[in-house]
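*Asks:* One file is attached below, my_file_32.cif, containing mmCIF, C-alpha atoms.
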data_start
#
loop_
_atom_site.group_PDB
_atom_site.id
_atom_site.type_symbol
_atom_site.label_atom_id
_atom_site.label_comp_id
_atom_site.auth_asym_id
_atom_site.auth_seq_id
_atom_site.Cartn_x
_atom_site.Cartn_y
_atom_site.Cartn_z
ATOM 1 C CA MET A 920 -9.453 -22.663 -3.423
ATOM 2 C CA VAL A 921 -7.695 -21.885 -0.163
ATOM 3 C CA LYS A 922 -4.445 -23.070 -1.665
ATOM 4 C CA LYS A 923 -4.732 -20.417 -4.353
ATOM 5 C CA ASN A 924 -6.000 -17.637 -2.079
ATOM 6 C CA TRP A 925 -3.879 -18.087 1.035
ATOM 7 C CA TRP A 926 -2.019 -14.825 0.464
ATOM 8 C CA LYS A 927 -5.268 -12.827 0.526
ATOM 9 C CA ILE A 928 -6.092 -14.205 3.953
ATOM 10 C CA LEU A 929 -2.485 -13.615 5.007
ATOM 11 C CA SER A 930 -2.770 -9.942 4.047
ATOM 12 C CA LEU A 931 -5.924 -9.582 6.155
ATOM 13 C CA LEU A 932 -4.272 -11.222 9.165
ATOM 14 C CA LEU A 933 -1.131 -9.083 8.815
ATOM 15 C CA LEU A 934 -3.211 -5.906 8.648
ATOM 16 C CA ILE A 935 -5.310 -6.895 11.669
ATOM 17 C CA TYR A 936 -2.011 -7.402 13.492
ATOM 18 C CA THR A 937 -0.782 -4.032 12.183
ATOM 19 C CA VAL A 938 -3.822 -2.137 13.427
ATOM 20 C CA VAL A 939 -3.968 -3.829 16.836
ATOM 21 C CA ALA A 940 -0.235 -3.700 17.565
ATOM 22 C CA GLY A 941 0.263 -0.404 15.760
ATOM 23 C CA PHE A 942 -2.241 1.399 17.973
ATOM 24 C CA LEU A 943 -1.593 -0.344 21.254
ATOM 25 C CA MET A 944 2.137 -1.038 21.468
ATOM 26 C CA LYS A 945 4.530 1.185 23.395
ATOM 27 C CA VAL A 946 6.508 3.414 21.056
ATOM 28 C CA PRO A 947 9.746 5.320 21.681
ATOM 29 C CA ASP A 948 8.937 8.926 22.515
ATOM 30 C CA LEU A 949 10.777 11.047 19.949
ATOM 31 C CA PRO A 950 10.752 14.841 20.088
ATOM 32 C CA ILE A 951 8.203 16.587 17.830
ATOM 33 C CA ILE A 952 6.845 13.311 16.444
ATOM 34 C CA HIS A 953 5.710 11.748 19.746
ATOM 35 C CA GLN A 954 2.789 9.329 19.280
ATOM 36 C CA SER A 955 2.511 10.112 15.573
ATOM 37 C CA ILE A 956 5.435 7.724 14.990
ATOM 38 C CA ARG A 957 2.658 5.139 14.668
ATOM 39 C CA ASN A 958 2.118 6.551 11.175
ATOM 40 C CA LEU A 959 5.157 4.480 10.262
ATOM 41 C CA PHE A 960 2.839 1.479 9.975
ATOM 42 C CA PHE A 961 0.509 3.291 7.582
ATOM 43 C CA HIS A 962 2.075 6.256 5.756
ATOM 44 C CA VAL A 963 5.512 4.693 5.182
ATOM 45 C CA CYS A 964 3.948 1.372 4.141
ATOM 46 C CA MET A 965 2.091 3.146 1.317
ATOM 47 C CA TRP A 966 5.430 4.194 -0.211
ATOM 48 C CA PHE A 967 7.001 0.779 0.313
ATOM 49 C CA GLY A 968 3.973 -0.799 -1.329
ATOM 50 C CA MET A 969 4.167 1.703 -4.206
ATOM 51 C CA MET A 970 7.844 0.872 -4.820
ATOM 52 C CA ILE A 971 7.167 -2.876 -4.926
ATOM 53 C CA LEU A 972 4.160 -2.464 -7.249
ATOM 54 C CA PHE A 973 6.190 -0.228 -9.583
ATOM 55 C CA ILE A 974 8.991 -2.808 -9.641
ATOM 56 C CA ILE A 975 6.482 -5.479 -10.695
ATOM 57 C CA SER A 976 5.075 -3.142 -13.357
ATOM 58 C CA PHE A 977 8.603 -2.449 -14.637
ATOM 59 C CA VAL A 978 9.414 -6.165 -14.873
ATOM 60 C CA TYR A 979 6.247 -6.861 -16.885
ATOM 61 C CA SER A 980 6.975 -3.938 -19.229
ATOM 62 C CA MET A 981 10.349 -5.503 -19.984
ATOM 63 C CA LYS A 982 8.700 -8.893 -20.431
ATOM 64 C CA TYR A 983 6.295 -7.300 -22.903
ATOM 65 C CA LEU A 984 9.164 -5.858 -24.930
ATOM 66 C CA ARG A 985 10.815 -9.278 -25.110
ATOM 67 C CA GLY A 986 7.895 -11.189 -26.568
ATOM 68 C CA PHE A 987 5.180 -8.608 -27.415
ATOM 69 C CA ASN A 988 2.548 -10.554 -25.525
ATOM 70 C CA LEU A 989 -0.329 -8.147 -24.838
ATOM 71 C CA ARG A 990 -1.091 -9.940 -21.596
ATOM 72 C CA ASN A 991 2.171 -8.622 -20.085
ATOM 73 C CA ASP A 992 1.239 -5.096 -21.155
ATOM 74 C CA ILE A 993 -2.088 -5.336 -19.317
ATOM 75 C CA ILE A 994 -0.333 -6.602 -16.166
ATOM 76 C CA ALA A 995 2.222 -3.771 -16.318
ATOM 77 C CA GLN A 996 -0.519 -1.170 -16.766
ATOM 78 C CA GLN A 997 -2.648 -2.340 -13.838
ATOM 79 C CA PHE A 998 0.286 -2.643 -11.440
ATOM 80 C CA ALA A 999 1.326 0.895 -12.357
ATOM 81 C CA ALA A 1000 -2.252 2.070 -11.726
ATOM 82 C CA VAL A 1001 -2.456 0.562 -8.233
ATOM 83 C CA GLY A 1002 1.097 1.769 -7.486
ATOM 84 C CA THR A 1003 0.119 5.315 -8.410
ATOM 85 C CA PHE A 1004 -2.951 5.019 -6.202
ATOM 86 C CA PHE A 1005 -0.747 3.964 -3.270
ATOM 87 C CA GLY A 1006 1.555 6.879 -4.040
ATOM 88 C CA ILE A 1007 -1.349 9.345 -3.911
ATOM 89 C CA LEU A 1008 -2.429 7.864 -0.571
ATOM 90 C CA GLY A 1009 1.152 8.178 0.706
ATOM 91 C CA TYR A 1010 1.300 11.783 -0.436
ATOM 92 C CA THR A 1011 -2.008 12.696 1.195
ATOM 93 C CA THR A 1012 -1.166 11.037 4.503
ATOM 94 C CA GLY A 1013 2.252 12.695 4.393
ATOM 95 C CA ALA A 1014 0.612 16.089 3.962
ATOM 96 C CA ILE A 1015 -1.519 15.546 7.059
ATOM 97 C CA TRP A 1016 1.451 14.312 9.083
ATOM 98 C CA ALA A 1017 3.701 17.171 7.966
ATOM 99 C CA ASN A 1018 1.023 19.682 8.895
ATOM 100 C CA TYR A 1019 1.267 18.655 12.554
ATOM 101 C CA THR A 1020 4.997 17.974 12.829
ATOM 102 C CA TRP A 1021 6.683 20.428 10.485
ATOM 103 C CA ILE A 1022 4.329 23.397 10.470
ATOM 104 C CA THR A 1023 2.660 23.287 13.889
ATOM 105 C CA ASP A 1024 5.428 21.917 16.125
ATOM 106 C CA GLN A 1025 8.526 22.972 14.272
ATOM 107 C CA SER A 1026 7.074 26.326 13.207
ATOM 108 C CA GLN A 1027 8.384 25.963 9.678
ATOM 109 C CA SER A 1028 6.793 28.481 7.351
ATOM 110 C CA LEU A 1029 4.521 27.184 4.635
ATOM 111 C CA GLY A 1030 7.086 28.448 2.162
ATOM 112 C CA SER A 1031 9.848 26.205 3.460
ATOM 113 C CA VAL A 1032 7.517 23.215 3.426
ATOM 114 C CA LEU A 1033 6.511 23.932 -0.164
ATOM 115 C CA LYS A 1034 10.220 24.042 -1.085
ATOM 116 C CA GLU A 1035 10.723 20.649 0.538
ATOM 117 C CA PRO A 1036 12.777 18.526 -1.923
ATOM 118 C CA LYS A 1037 11.204 15.236 -0.865
ATOM 119 C CA LEU A 1038 7.699 16.564 -1.523
ATOM 120 C CA ILE A 1039 8.668 18.026 -4.894
ATOM 121 C CA GLY A 1040 10.499 14.847 -5.844
ATOM 122 C CA ALA A 1041 7.549 12.638 -4.930
ATOM 123 C CA ALA A 1042 5.214 14.948 -6.862
ATOM 124 C CA ILE A 1043 7.465 14.726 -9.935
ATOM 125 C CA ALA A 1044 7.571 10.926 -9.699
ATOM 126 C CA LEU A 1045 3.798 10.666 -9.422
ATOM 127 C CA LEU A 1046 3.274 13.110 -12.309
ATOM 128 C CA ILE A 1047 5.619 11.057 -14.500
ATOM 129 C CA TYR A 1048 3.506 7.987 -13.745
ATOM 130 C CA GLY A 1049 0.357 10.051 -14.401
ATOM 131 C CA GLU A 1050 1.766 10.847 -17.823
ATOM 132 C CA TYR A 1051 2.058 7.094 -18.467
ATOM 133 C CA PHE A 1052 -1.735 6.827 -18.405
ATOM 134 C CA VAL A 1053 -2.185 9.946 -20.531
ATOM 135 C CA LEU A 1054 0.211 8.411 -23.057
ATOM 136 C CA ARG A 1055 -1.705 5.140 -23.079
ATOM 137 C CA GLY A 1056 -4.944 6.967 -23.718
ATOM 138 C CA SER A 1057 -3.612 8.808 -26.738
ATOM 139 C CA PHE A 1058 -3.126 5.810 -29.053
ATOM 140 C CA ASN A 1059 -5.640 4.075 -31.251
ATOM 141 C CA ASP A 1060 -3.302 1.326 -32.402
ATOM 142 C CA ILE A 1061 -3.122 -1.274 -29.638
ATOM 143 C CA ASP A 1062 0.322 -2.639 -30.461
ATOM 144 C CA LYS A 1063 1.846 0.806 -30.794
ATOM 145 C CA LYS A 1064 0.241 1.823 -27.519
ATOM 146 C CA ALA A 1065 1.624 -1.210 -25.708
ATOM 147 C CA ARG A 1066 5.113 -0.823 -27.162
ATOM 148 C CA ILE A 1067 5.592 2.903 -26.552
ATOM 149 C CA SER A 1068 4.027 2.853 -23.110
ATOM 150 C CA ALA A 1069 6.223 -0.091 -22.094
ATOM 151 C CA VAL A 1070 9.311 1.916 -23.054
ATOM 152 C CA TYR A 1071 7.903 4.937 -21.223
ATOM 153 C CA ASN A 1072 7.227 2.830 -18.131
ATOM 154 C CA ILE A 1073 10.886 1.819 -17.991
ATOM 155 C CA PHE A 1074 11.865 5.491 -18.188
ATOM 156 C CA ALA A 1075 9.348 6.391 -15.457
ATOM 157 C CA PHE A 1076 10.787 3.697 -13.197
ATOM 158 C CA ALA A 1077 14.305 4.987 -13.801
ATOM 159 C CA MET A 1078 13.187 8.520 -12.866
ATOM 160 C CA LEU A 1079 11.658 7.288 -9.616
ATOM 161 C CA PHE A 1080 15.052 6.798 -7.961
ATOM 162 C CA PRO A 1081 16.637 10.232 -8.414
ATOM 163 C CA SER A 1082 13.396 12.055 -7.677
ATOM 164 C CA ILE A 1083 12.385 10.358 -4.438
ATOM 165 C CA TRP A 1084 15.558 8.754 -3.091
ATOM 166 C CA ILE A 1085 18.699 10.522 -4.331
ATOM 167 C CA ILE A 1086 17.950 14.258 -4.666
ATOM 168 C CA PRO A 1087 16.281 14.696 -1.232
ATOM 169 C CA ARG A 1088 19.374 13.108 0.342
ATOM 170 C CA LEU A 1089 21.741 15.373 -1.576
ATOM 171 C CA VAL A 1090 20.147 18.707 -0.822
ATOM 172 C CA GLY A 1091 18.888 18.034 2.699
ATOM 173 C CA SER A 1092 15.273 17.860 3.665
ATOM 174 C CA LEU A 1093 12.862 18.187 6.546
ATOM 175 C CA HIS A 1094 11.834 14.615 5.949
ATOM 176 C CA PRO A 1095 13.298 11.972 8.293
ATOM 177 C CA GLY A 1096 16.255 10.165 6.773
ATOM 178 C CA ALA A 1097 17.751 13.242 5.127
ATOM 179 C CA PRO A 1098 21.123 14.667 6.220
ATOM 180 C CA GLY A 1099 19.708 18.063 7.188
ATOM 181 C CA SER A 1100 17.068 16.553 9.399
ATOM 182 C CA ASP A 1101 19.433 15.770 12.270
ATOM 183 C CA THR A 1102 19.043 19.234 13.695
ATOM 184 C CA GLY A 1103 15.382 19.836 12.955
ATOM 185 C CA ASN A 1104 13.241 16.798 12.551
ATOM 186 C CA PRO A 1105 14.280 13.560 14.227
ATOM 187 C CA ALA A 1106 15.346 11.080 11.628
ATOM 188 C CA LEU A 1107 14.257 7.512 11.592
ATOM 189 C CA ASN A 1108 17.603 6.116 12.520
ATOM 190 C CA ALA A 1109 17.212 2.371 12.243
ATOM 191 C CA GLN A 1110 19.458 1.666 15.214
ATOM 192 C CA LYS A 1111 18.373 4.421 17.546
ATOM 193 C CA ASP A 1112 14.782 5.427 16.870
ATOM 194 C CA LEU A 1113 13.227 2.438 15.204
ATOM 195 C CA ASP A 1114 13.534 -0.051 18.040
ATOM 196 C CA ALA A 1115 13.157 -3.806 17.692
ATOM 197 C CA THR A 1116 9.498 -3.916 18.705
ATOM 198 C CA MET A 1117 8.556 -1.320 16.090
ATOM 199 C CA ARG A 1118 10.343 -3.310 13.416
ATOM 200 C CA MET A 1119 8.341 -6.367 14.436
ATOM 201 C CA VAL A 1120 5.209 -4.497 13.399
ATOM 202 C CA PHE A 1121 6.673 -2.464 10.555
ATOM 203 C CA TYR A 1122 7.845 -5.325 8.313
ATOM 204 C CA PRO A 1123 4.616 -7.349 8.589
ATOM 205 C CA ALA A 1124 2.732 -4.107 7.874
ATOM 206 C CA VAL A 1125 4.736 -3.551 4.682
ATOM 207 C CA ILE A 1126 4.012 -7.105 3.532
ATOM 208 C CA GLY A 1127 0.317 -6.802 4.415
ATOM 209 C CA TRP A 1128 -0.251 -3.521 2.579
ATOM 210 C CA THR A 1129 1.737 -4.698 -0.435
ATOM 211 C CA LEU A 1130 -0.342 -7.864 -0.666
ATOM 212 C CA VAL A 1131 -3.504 -5.734 -0.681
ATOM 213 C CA GLY A 1132 -2.018 -3.779 -3.584
ATOM 214 C CA VAL A 1133 -1.184 -6.984 -5.428
ATOM 215 C CA TRP A 1134 -4.724 -8.214 -4.854
ATOM 216 C CA LEU A 1135 -6.247 -4.978 -6.203
ATOM 217 C CA ALA A 1136 -3.985 -5.184 -9.256
ATOM 218 C CA ASN A 1137 -4.925 -8.838 -9.683
ATOM 219 C CA LEU A 1138 -8.641 -7.934 -9.763
ATOM 220 C CA ARG A 1139 -8.035 -5.128 -12.269
ATOM 221 C CA ILE A 1140 -5.936 -7.391 -14.506
ATOM 222 C CA ARG A 1141 -8.644 -10.060 -14.556
ATOM 223 C CA ILE A 1142 -11.327 -7.507 -15.456
ATOM 224 C CA GLN A 1143 -9.145 -6.140 -18.260
ATOM 225 C CA LEU A 1144 -8.413 -9.654 -19.549
ATOM 226 C CA ILE A 1145 -12.152 -10.393 -19.724
ATOM 227 C CA LYS A 1146 -12.709 -7.101 -21.576
ATOM 228 C CA ASP A 1147 -9.875 -7.663 -24.069
ATOM 229 C CA LYS A 1148 -10.438 -11.364 -24.559
ATOM 230 C CA SER A 1149 -10.947 -10.991 -28.294
ATOM 231 C CA LEU A 1150 -7.525 -9.309 -28.627
ATOM 232 C CA ILE A 1151 -5.442 -11.823 -26.740
ATOM 233 C CA ASN A 1152 -4.803 -15.137 -28.406
ATOM 234 C CA GLU A 1153 -3.142 -17.521 -26.039
ATOM 235 C CA MET B 362 -15.202 -19.792 -1.908
ATOM 236 C CA ASN B 363 -17.788 -20.272 0.819
ATOM 237 C CA LYS B 364 -15.275 -22.482 2.514
ATOM 238 C CA ILE B 365 -12.797 -19.605 2.569
ATOM 239 C CA LEU B 366 -15.360 -17.182 3.947
ATOM 240 C CA SER B 367 -16.335 -19.562 6.710
ATOM 241 C CA ARG B 368 -12.702 -20.152 7.591
ATOM 242 C CA LEU B 369 -12.090 -16.436 7.572
ATOM 243 C CA LEU B 370 -15.019 -15.930 9.901
ATOM 244 C CA LEU B 371 -13.616 -18.604 12.173
ATOM 245 C CA ILE B 372 -10.260 -16.818 12.311
ATOM 246 C CA VAL B 373 -11.908 -13.495 13.102
ATOM 247 C CA VAL B 374 -14.088 -15.036 15.804
ATOM 248 C CA SER B 375 -11.117 -16.795 17.348
ATOM 249 C CA LEU B 376 -9.178 -13.533 17.360
ATOM 250 C CA LEU B 377 -12.052 -11.718 19.015
ATOM 251 C CA SER B 378 -12.565 -14.466 21.553
ATOM 252 C CA SER B 379 -9.024 -14.009 22.848
ATOM 253 C CA ASN B 380 -9.965 -10.393 23.381
ATOM 254 C CA LEU B 381 -12.959 -11.447 25.466
ATOM 255 C CA LEU B 382 -10.793 -13.731 27.562
ATOM 256 C CA PHE B 383 -8.448 -10.853 28.161
ATOM 257 C CA ALA B 384 -11.317 -8.684 29.338
ATOM 258 C CA GLN B 385 -12.766 -10.986 31.958
ATOM 259 C CA GLY B 386 -15.433 -9.387 34.072
ATOM 260 C CA ALA B 387 -17.365 -6.201 33.321
ATOM 261 C CA ASP B 388 -14.987 -3.973 35.256
ATOM 262 C CA SER B 389 -11.874 -4.662 33.251
ATOM 263 C CA PHE B 390 -13.825 -4.468 29.988
ATOM 264 C CA ASP B 391 -15.054 -1.079 31.115
ATOM 265 C CA GLU B 392 -11.460 -0.096 31.693
ATOM 266 C CA THR B 393 -10.469 -1.144 28.188
ATOM 267 C CA MET B 394 -13.354 0.348 26.242
ATOM 268 C CA ARG B 395 -14.312 3.265 28.509
ATOM 269 C CA GLY B 396 -10.878 4.176 29.903
ATOM 270 C CA SER B 397 -9.570 7.704 29.718
ATOM 271 C CA GLY B 398 -7.697 7.263 26.424
ATOM 272 C CA LYS B 399 -10.429 5.240 24.648
ATOM 273 C CA ILE B 400 -7.764 4.078 22.176
ATOM 274 C CA TYR B 401 -9.371 0.620 22.105
ATOM 275 C CA VAL B 402 -12.477 2.167 20.566
ATOM 276 C CA VAL B 403 -10.328 3.467 17.701
ATOM 277 C CA VAL B 404 -8.798 0.007 17.277
ATOM 278 C CA ALA B 405 -12.268 -1.585 17.169
ATOM 279 C CA ILE B 406 -13.469 0.903 14.548
ATOM 280 C CA CYS B 407 -10.386 0.519 12.370
ATOM 281 C CA LEU B 408 -10.681 -3.269 12.538
ATOM 282 C CA THR B 409 -14.353 -3.068 11.537
ATOM 283 C CA ILE B 410 -13.490 -0.947 8.515
ATOM 284 C CA LEU B 411 -10.575 -3.202 7.583
ATOM 285 C CA ILE B 412 -12.564 -6.428 7.838
ATOM 286 C CA GLY B 413 -15.498 -4.833 5.995
ATOM 287 C CA LEU B 414 -13.219 -3.764 3.145
ATOM 288 C CA PHE B 415 -11.720 -7.238 2.913
ATOM 289 C CA ILE B 416 -15.144 -8.906 2.793
ATOM 290 C CA TYR B 417 -16.063 -6.513 -0.020
ATOM 291 C CA LEU B 418 -12.822 -7.364 -1.858
ATOM 292 C CA PHE B 419 -13.580 -11.079 -1.503
ATOM 293 C CA LEU B 420 -17.070 -10.562 -2.944
ATOM 294 C CA VAL B 421 -15.698 -8.619 -5.938
ATOM 295 C CA ASP B 422 -13.089 -11.342 -6.406
ATOM 296 C CA ARG B 423 -15.835 -13.993 -6.467
ATOM 297 C CA LYS B 424 -17.860 -12.004 -8.984
ATOM 298 C CA ILE B 425 -14.886 -11.739 -11.344
ATOM 299 C CA SER B 426 -14.195 -15.467 -10.965
ATOM 300 C CA ARG B 427 -17.789 -16.144 -12.022
ATOM 301 C CA LEU B 428 -17.405 -13.844 -15.056
ATOM 302 C CA GLU B 429 -14.204 -15.659 -16.016
ATOM 303 C CA LYS B 430 -16.013 -19.009 -15.909
ATOM 304 C CA GLU B 431 -18.888 -17.672 -18.030
ATOM 305 C CA GLY B 432 -16.471 -16.462 -20.686
ATOM 306 C CA LYS B 433 -14.816 -19.852 -21.127
#
Represent the structure of the file as structure tokens.
*Replies:*
Amino acid sequence: MVKKNWWKILSLLLLIYTVVAGFLMKVPDLPIIHQSIRNLFFHVCMWFGMMILFIISFVYSMKYLRGFNLRNDIIAQQFAAVGTFFGILGYTTGAIWANYTWITDQSQSLGSVLKEPKLIGAAIALLIYGEYFVLRGSFNDIDKKARISAVYNIFAFAMLFPSIWIIPRLVGSLHPGAPGSDTGNPALNAQKDLDATMRMVFYPAVIGWTLVGVWLANLRIRIQLIKDKSLINE
Amino acid sequence: MNKILSRLLLIVVSLLSSNLLFAQGADSFDETMRGSGKIYVVVAICLTILIGLFIYLFLVDRKISRLEKEGK
């Protein structure tokens, strides 16, 4: 039993470490961000987790299209669902963080924050994934549903990269990591701002949160497999 | 599964016990939990929520395992 479930316990231990070290460690004092840099262990990890879950979903969609095994379709669907959930959490936490760093301390107008390319891009990516579930719901034929939504999932994954990674870097953004942010918002420069001690918490935090996502998806997949048992012949 | 839960409990207790060692004597514990920043209180609350959520997840996991066995 423990042999099979070791990664669940590992995720708990990593997150206990994240919370304890994330709140108590000394952090570099950056302008504007100050102590809120600790959000790196929570807000940023949501997006990392989302990316990894979407990659898994994408791989299973391709596996489905290779052999048309409905089991792979169920796995792809549930990983996409948990990934979207992580994305919504990342978006919400980002909104809170931006409220206190961009609007309050940097006196950006609400208008310039609403025009923020990273926010719009992330919203587009999440809406595309939302459409995946709408699409799934609109079919009666199970095989057709699985086939078309698998193709759509591959498209959604391909759209993820321009909308959240490429475009915000091209047009400049208030978000750390963008070229325009050097003057306004301090960027998370891996060499300068993200010092070695922060990385020692950040990477375990990413692994911990991702494992929680995998666990949630695992539970959802098993429920769906019990529900659809009559459809899947193994 | 009970084995896992008991081991988990052991890990949590051992983690907490190191905390108690760190806070020897009432004075220093007062400094940690009642100091000006009170950040340790936030840590304690977040850990409680985190551990509570994980126990809940384990229970749901066990329930699904039982359903899987029934179906076979």
*Asks:* Since I can't run it myself right now, could you work out what the PyMOL selection byres ((chain A and resi 1120) around 9) selects here and report it as a compact mmCIF listing (two decimals) with C-alpha atoms, in the frame of the given file?
*Replies:*
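What follows is the written file expr-v1.txt:
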# COMPACT_ATOMS: atom_id res chain seq x y z
CA TYR A 936 -2.01 -7.40 13.49
CA THR A 937 -0.78 -4.03 12.18
CA ALA A 940 -0.24 -3.70 17.57
CA GLY A 941 0.26 -0.40 15.76
CA PHE A 960 2.84 1.48 9.98
CA THR A 1116 9.50 -3.92 18.70
CA MET A 1117 8.56 -1.32 16.09
CA ARG A 1118 10.34 -3.31 13.42
CA MET A 1119 8.34 -6.37 14.44
CA PHE A 1121 6.67 -2.46 10.56
CA TYR A 1122 7.84 -5.32 8.31
CA PRO A 1123 4.62 -7.35 8.59
CA ALA A 1124 2.73 -4.11 7.87
CA VAL A 1125 4.74 -3.55 4.68
*Asks:* Within 8 Å of chain A, which residues of chain B show up when using all atoms listed in the file, listed as a list in words?
*Replies:* Met362, Ile365, Leu369, Ile400, Tyr401, Val404, Cys407, Leu408, Leu411, Ile412, Phe415, Asp422, Ile425, Leu428, Glu429 and Gly432 of chain B
*Asks:* On this structure, the PyMOL selection byres ((chain A and resi 980-992) around 10) would catch which residues? List them as a VMD selection string, sorted by chain and number.
*Replies:* chain A and resid 974 to 979 993 to 997 1061 to 1062 1064 to 1073 1140 1143 to 1144 1147 to 1148 1150 to 1153
*Asks:* Work out how far apart CA of Asp1060 in chain A and CA of Ile1047 in chain A are and give it in Å to one decimal.
*Replies:*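 CA of Asp1060 in chain A sits 22.2 Å away from CA of Ile1047 in chain A.
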*Asks:* Quick check, in Å to one decimal: how far apart do CA of Ser1149 in chain A and CA of Arg427 in chain B lie?
*Replies:*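 Separation of CA of Ser1149 in chain A and CA of Arg427 in chain B: 18.4 Å.
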*Asks:* Grab the CA of Gly398 in chain B to CA of Thr1023 in chain A distance for me, in Å with one decimal place.
*Replies:*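 Taking CA of Gly398 in chain B and CA of Thr1023 in chain A, their separation equals 22.8 Å.
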*Asks:* Using 4 Å of padding on each side, determine the axis-aligned box around all atoms of range 1019-1037 of chain A present in the file and give its centre and edge lengths in Å to one decimal, as JSON.
*Replies:*
{"center_x": 7.0, "center_y": 21.9, "center_z": 7.1, "size_x": 19.5, "size_y": 21.2, "size_z": 26.0}
*Asks:* So which one's closest to Tyr1010 in chain A, A:Leu949, A:Ala1136, A:Ala1115, A:Met965? Using only C-alpha atoms, please.
*Replies:*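 Of A:Leu949, A:Ala1136, A:Ala1115, A:Met965, the one nearest Tyr1010 in chain A is A:Met965, counting only C-alpha atoms.
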